Amino acid sequence: MEAGCRYFARHGTLDLEQVAVDLAVSRATLYRVVSSRDRLLADVLWRLAQRSLDRAKARRTRDGVEGLLEVVRCFSRHMLASKSLRQFIAREPQTATRVLATPDGGVNRLAIAATIRLFDEVGLTGGPSPLAVLGLADREVVAPRLVEDPARVAYLLVRIVEAMCFAEVAGTTPDLDLTEQTIRALLVRACTPRQPRPNRFMEAAMYLAWSSLPDALLIESRLPLALAGL
């Protein structure tokens with residue numbers, strides 16, 4: 001895997017014959033160990049992504065949604081700055097999609113699992129985050145917690161980051177600000193408890209009762225429309 005990482009970093013691709021030469025083994029021997037090019041590619045790409053993720057997590061200074069966004073921002077910058085990764089996606093988009101963005105490719109599944117662990121580390125799920133334990137978190141701020149299924153939120157978050165990485169293949173420019181805004185909106189929504197329908201109706205009714213609305217709006221024929229709009 002280390003030989004594969006070195007080759008990928010230099011060339012933005014993976015040639016198993018050349019990797020075998022670098023290791024001074026036969027191509028058949030290498031295939032017996034790694035089974036396929038896609039599998040070694042997935043292992044290499046995840047090893048490189050894990051290193052970037054570890055660096056991003058080490059630089060985190062906050063908890064909750066903002067802390068997670070710090071990690072995503074730093075990680076995304078590393079991904080966009082990786083010349084080898086961008087070359088690979090541009091030259092082999094089908095292979096990159098298969099290895100990076102499908103559950104069978106391995107990287108997608110590992111990324112979702114790592115994101116779920118990150119939720120726990122920043123205090124969005126589970127117990128207090130390491131920053132809180134060390135007394136480095138802002139104790140005056142009560143961090144929100146995920147009320148949605150963490151696996152579902154992690155899946156969506158990973159898809160958003162993947163979309164940024166594959167933006168150039170789609171003919172657009174990777175937009176880190178848009179990626180961050182989208183993830184922020186996802187997390188805020190995922191941390192907001194859903195209210196039962198009767199509660200939402202009562203809130204709308206109370207708002208209507210206390211609002212300075214024209215008298216014509218309060219007639220029986222307009223009331224359901226006003227409540228629906230609110």
# chains A, B, ... in the order shown; residues from 1 in each chain; ligands from 1
>>> residues_around(residues="region 156-170 of chain A", least_positions_apart="2", cutoff="10 Å", atoms="only C-alpha atoms", output="VMD selection string")
chain A and resid 72 to 73 75 to 76 79 to 80 85 to 86 89 to 93 96 to 97 100 to 101 108 to 109 111 to 112 114 to 115 150 to 154 172 to 176 178 to 180 182 to 184 186 to 187
>>> closest_residue(among="A:Ala3, A:Ala81, A:Leu124, A:Leu45", to="Leu110 (chain A)", atoms="only C-alpha atoms")
A:Leu45
>>> atom_distance(atom1="CA of Val44 (chain A)", atom2="CA of Cys5 (chain A)")
5.5 Å
>>> select_by_dssp(residues="region 143-173 of chain A", states="helix (DSSP H, G or I)", output="MDAnalysis selection string")
chainID A and resid 150:165
>>> atom_distance(atom1="CA of Val65 (chain A)", atom2="CA of Leu53 (chain A)")
16.6 Å
